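> A single structure is presented below for examination.
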Amino acid sequence: MEARFNLFENEVAVKFVKRLGAASRPIEESSLPHATQELVKLRASQINGCGFCTDMHSKDAAHAGETSVRLNLVAAWREANVFTEAERAALALTEEGTRIADAHAGVSEETWAQVRKHYNDEEIGALISLVATINAYNRLNVIAGTPAGDYRPGMFG
């Protein structure tokens with residue numbers, strides 16, 4: 001598959017993605033667990049049908065030590081017993097925040113209560129920002145038709 005538009009060779013897109021990456025640094029440097037960050041990025045990417053980001057975040061998570069069992073069950077996390085209650089709250093927020101147009105209420109009070117129970121204010125700020133950021137990356141890559149499969153951990157770092 002070939003991209004319909006190469007984001008990596010377009011001056012405007014490259015500048016935008018660099019700034020989006022810089023905006024992501026506070027999330028990466030926060031106390032939100034790295035494993036949770038990767039699960040959130042993977043789940044949003046699956047929902048949005050972003051093959052490029054799904055490829056990237058599953059490989060980055062595996063490279064960081066995440067198990068194949070957990071990675072394979074992210075799409076079915078509600079039925080899986082391999083995620084902590086905190087991770088389940090983050091995944092629920094990810095789904096509701098990603099599918100925001102599908103629900104008139106946006107994020108449910110039940111999900112918000114679980115997020116509040118398991119995360120402090122710094123982590124919640126990082127989690128909300130992460131959901132917004134990964135959704136932006138997904139949209140860039142889906143619209144441009146960026147192909148999946150060739151990503152190698154660290155290739156953008």
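Going by the structure tokens order, chains are called A, B, ..., each with residues numbered from 1, while ligands are numbered from 1 in the order shown.
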As a list in words, please: the residues near segment 33-42 of chain A (cut-off 7 Å, only C-alpha atoms, same-chain neighbours under 6 positions excluded).
Thr54, His57, Ser58, Ala61, Glu87, Ala90, Leu91, Thr94 and Ile134 of chain A
> Please provide as number ranges by chain all residues within 10 Å of Ala44 of chain A, with the sequence filter that same-chain residues fewer than 5 positions apart are discarded (counting only C-alpha atoms).
A: 39, 49-50, 53-54, 75, 91, 94-99, 130-132, 134-135, 138
> Would you write out those residues with all heavy atoms, as a compact mmCIF listing (two decimals), in the first residue's frame?

# COMPACT_ATOMS: atom_id res chain seq x y z
N LEU A 39 -1.15 1.42 26.15
CA LEU A 39 -2.46 0.78 26.00
C LEU A 39 -3.49 1.76 25.46
O LEU A 39 -4.30 1.42 24.58
CB LEU A 39 -2.93 0.19 27.33
CG LEU A 39 -2.10 -0.95 27.92
CD1 LEU A 39 -2.61 -1.32 29.31
CD2 LEU A 39 -2.09 -2.16 27.00
N GLY A 49 -9.22 2.89 13.44
CA GLY A 49 -8.79 2.19 12.24
C GLY A 49 -7.49 2.70 11.68
O GLY A 49 -7.27 2.67 10.47
N CYS A 50 -6.61 3.17 12.56
CA CYS A 50 -5.32 3.70 12.12
C CYS A 50 -4.28 2.58 12.16
O CYS A 50 -3.70 2.28 13.21
CB CYS A 50 -4.88 4.87 12.99
SG CYS A 50 -3.34 5.61 12.41
N CYS A 53 -0.65 3.73 13.33
CA CYS A 53 -0.49 3.93 14.78
C CYS A 53 -0.68 2.63 15.55
O CYS A 53 -0.03 2.41 16.57
CB CYS A 53 -1.46 5.00 15.28
SG CYS A 53 -1.08 6.66 14.67
N THR A 54 -1.57 1.75 15.09
CA THR A 54 -1.74 0.45 15.73
C THR A 54 -0.44 -0.34 15.64
O THR A 54 0.03 -0.93 16.62
CB THR A 54 -2.90 -0.34 15.09
OG1 THR A 54 -4.11 0.40 15.29
CG2 THR A 54 -3.05 -1.72 15.71
N ALA A 75 -8.17 -4.90 22.39
CA ALA A 75 -9.44 -4.67 21.69
C ALA A 75 -10.64 -5.27 22.43
O ALA A 75 -11.77 -4.83 22.25
CB ALA A 75 -9.38 -5.21 20.27
N LEU A 91 -8.77 2.72 29.78
CA LEU A 91 -9.28 2.21 28.50
C LEU A 91 -10.73 2.65 28.28
O LEU A 91 -11.11 2.99 27.16
CB LEU A 91 -9.14 0.69 28.44
CG LEU A 91 -7.69 0.21 28.29
CD1 LEU A 91 -7.60 -1.30 28.57
CD2 LEU A 91 -7.14 0.54 26.92
N THR A 94 -10.59 6.20 27.26
CA THR A 94 -10.09 6.25 25.89
C THR A 94 -11.21 5.99 24.90
O THR A 94 -11.38 6.72 23.92
CB THR A 94 -8.96 5.22 25.69
OG1 THR A 94 -7.91 5.52 26.60
CG2 THR A 94 -8.45 5.23 24.26
N GLU A 95 -11.98 4.94 25.14
CA GLU A 95 -13.08 4.61 24.24
C GLU A 95 -14.13 5.71 24.19
O GLU A 95 -14.55 6.14 23.12
CB GLU A 95 -13.71 3.29 24.63
CG GLU A 95 -12.83 2.11 24.32
CD GLU A 95 -13.52 0.77 24.47
OE1 GLU A 95 -14.70 0.71 24.86
OE2 GLU A 95 -12.85 -0.24 24.18
N GLU A 96 -14.53 6.19 25.35
CA GLU A 96 -15.57 7.21 25.38
C GLU A 96 -15.06 8.54 24.84
O GLU A 96 -15.80 9.27 24.16
CB GLU A 96 -16.12 7.36 26.80
CG GLU A 96 -16.91 6.13 27.22
CD GLU A 96 -17.42 6.19 28.65
OE1 GLU A 96 -17.57 7.29 29.22
OE2 GLU A 96 -17.67 5.10 29.22
N GLY A 97 -13.80 8.87 25.11
CA GLY A 97 -13.22 10.10 24.59
C GLY A 97 -12.95 10.05 23.11
O GLY A 97 -12.96 11.07 22.42
N THR A 98 -12.71 8.87 22.58
CA THR A 98 -12.47 8.69 21.15
C THR A 98 -13.78 8.65 20.39
O THR A 98 -13.89 9.20 19.29
CB THR A 98 -11.66 7.39 20.91
OG1 THR A 98 -10.39 7.54 21.55
CG2 THR A 98 -11.46 7.10 19.43
N ARG A 99 -14.78 8.04 20.98
CA ARG A 99 -16.10 7.92 20.33
C ARG A 99 -17.04 9.02 20.82
O ARG A 99 -18.26 8.80 20.92
CB ARG A 99 -16.69 6.55 20.64
CG ARG A 99 -15.91 5.42 20.01
CD ARG A 99 -16.54 4.09 20.32
NE ARG A 99 -16.02 3.06 19.45
CZ ARG A 99 -15.68 1.85 19.87
NH1 ARG A 99 -15.83 1.51 21.13
NH2 ARG A 99 -15.21 0.97 19.01
N LEU A 130 -3.49 12.80 26.45
CA LEU A 130 -3.07 11.67 25.62
C LEU A 130 -4.18 11.22 24.69
O LEU A 130 -3.94 10.96 23.50
CB LEU A 130 -2.62 10.52 26.52
CG LEU A 130 -2.16 9.24 25.82
CD1 LEU A 130 -0.99 9.51 24.89
CD2 LEU A 130 -1.79 8.19 26.86
N VAL A 131 -5.40 11.12 25.21
CA VAL A 131 -6.52 10.71 24.36
C VAL A 131 -6.70 11.72 23.22
O VAL A 131 -6.87 11.34 22.06
CB VAL A 131 -7.82 10.55 25.19
CG1 VAL A 131 -9.03 10.35 24.29
CG2 VAL A 131 -7.68 9.39 26.17
N ALA A 132 -6.61 13.00 23.54
CA ALA A 132 -6.75 14.03 22.50
C ALA A 132 -5.62 13.93 21.48
O ALA A 132 -5.86 14.01 20.26
CB ALA A 132 -6.78 15.41 23.14
N ILE A 134 -3.51 11.32 20.70
CA ILE A 134 -3.49 10.12 19.85
C ILE A 134 -4.61 10.18 18.82
O ILE A 134 -4.44 9.73 17.68
CB ILE A 134 -3.51 8.80 20.66
CG1 ILE A 134 -3.23 7.60 19.73
CG2 ILE A 134 -4.81 8.61 21.41
CD1 ILE A 134 -1.93 7.64 18.98
N ASN A 135 -5.73 10.76 19.18
CA ASN A 135 -6.80 10.92 18.20
C ASN A 135 -6.36 11.86 17.07
O ASN A 135 -6.70 11.62 15.91
CB ASN A 135 -8.09 11.40 18.87
CG ASN A 135 -8.89 10.24 19.41
OD1 ASN A 135 -9.62 9.60 18.67
ND2 ASN A 135 -8.73 9.95 20.69
N ASN A 138 -4.02 9.80 14.89
CA ASN A 138 -4.81 8.84 14.11
C ASN A 138 -5.45 9.51 12.92
O ASN A 138 -5.43 8.97 11.80
CB ASN A 138 -5.91 8.21 14.97
CG ASN A 138 -5.43 7.29 16.06
OD1 ASN A 138 -6.19 6.99 16.99
ND2 ASN A 138 -4.20 6.81 16.00
> Do a neighbour search on His118 of chain A at 10 Å with only C-alpha atoms, toss out local chain neighbours closer than 3 positions, and write the hits as an NGL selection string.
:A and (85-90 or 113-115 or 123-124)
> Can you list, as a list in words, every protein, DNA or RNA residue that comes within 12 Å of Ser68 of chain A when you count only C-alpha atoms, leaving out same-chain residues fewer than 5 positions away?
Ser58, Lys59, Asp60, Ala61, Ala62, His63, Leu73, Val74 and Val82 of chain A
> Using C-alpha atoms, can you export the residues from the last selection as a compact mmCIF listing (two decimals), in the first residue's frame?

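Here's the written file part-v3.txt:
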# COMPACT_ATOMS: atom_id res chain seq x y z
CA SER A 58 1.86 -2.38 19.56
CA LYS A 59 5.54 -2.61 18.59
CA ASP A 60 6.60 0.15 21.00
CA ALA A 61 4.71 -1.52 23.83
CA ALA A 62 6.22 -4.93 23.06
CA HIS A 63 9.67 -3.34 22.85
CA LEU A 73 -6.53 -8.45 24.32
CA VAL A 74 -6.60 -4.63 24.24
CA VAL A 82 -5.18 -9.21 32.40
> Tell me, which residues of segment 9-125 of chain A carry DSSP alpha helix (DSSP H), written as a PyMOL selection string?
chain A and resi 11-28+34-47+51-63+68-73+85-98+109-118+121-125
> At a cut-off of 8 Å, using only C-alpha atoms, what residues contact Ala126 of chain A? Leave out same-chain residues fewer than 5 positions from it and give the result as an MDAnalysis selection string.
chainID A and resid 26:27 30 32
> With N, CA, C and O atoms retained, write the just-selected residues as an mmCIF file, in the first residue's frame.

data_model
loop_
_atom_site.group_PDB
_atom_site.id
_atom_site.type_symbol
_atom_site.label_atom_id
_atom_site.label_comp_id
_atom_site.auth_asym_id
_atom_site.auth_seq_id
_atom_site.Cartn_x
_atom_site.Cartn_y
_atom_site.Cartn_z
ATOM 1 N N PRO A 26 5.053 16.583 27.882
ATOM 2 C CA PRO A 26 4.570 16.585 29.277
ATOM 3 C C PRO A 26 3.804 15.310 29.643
ATOM 4 O O PRO A 26 3.841 14.872 30.790
ATOM 5 N N ILE A 27 3.128 14.710 28.680
ATOM 6 C CA ILE A 27 2.414 13.457 28.921
ATOM 7 C C ILE A 27 3.427 12.357 29.205
ATOM 8 O O ILE A 27 3.325 11.627 30.192
ATOM 9 N N SER A 30 5.043 12.656 32.558
ATOM 10 C CA SER A 30 4.132 12.636 33.707
ATOM 11 C C SER A 30 4.258 11.323 34.473
ATOM 12 O O SER A 30 4.938 10.390 34.042
ATOM 13 N N LEU A 32 1.829 9.286 34.788
ATOM 14 C CA LEU A 32 0.940 8.281 34.185
ATOM 15 C C LEU A 32 1.817 7.134 33.699
ATOM 16 O O LEU A 32 2.740 7.353 32.912
#
> For Arg25 of chain A, which residue among A:Ala64, A:Ala76, A:His104, A:Ser129 is the nearest when counting only C-alpha atoms?
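Of A:Ala64, A:Ala76, A:His104, A:Ser129, the one nearest Arg25 of chain A is A:Ser129, counting only C-alpha atoms.
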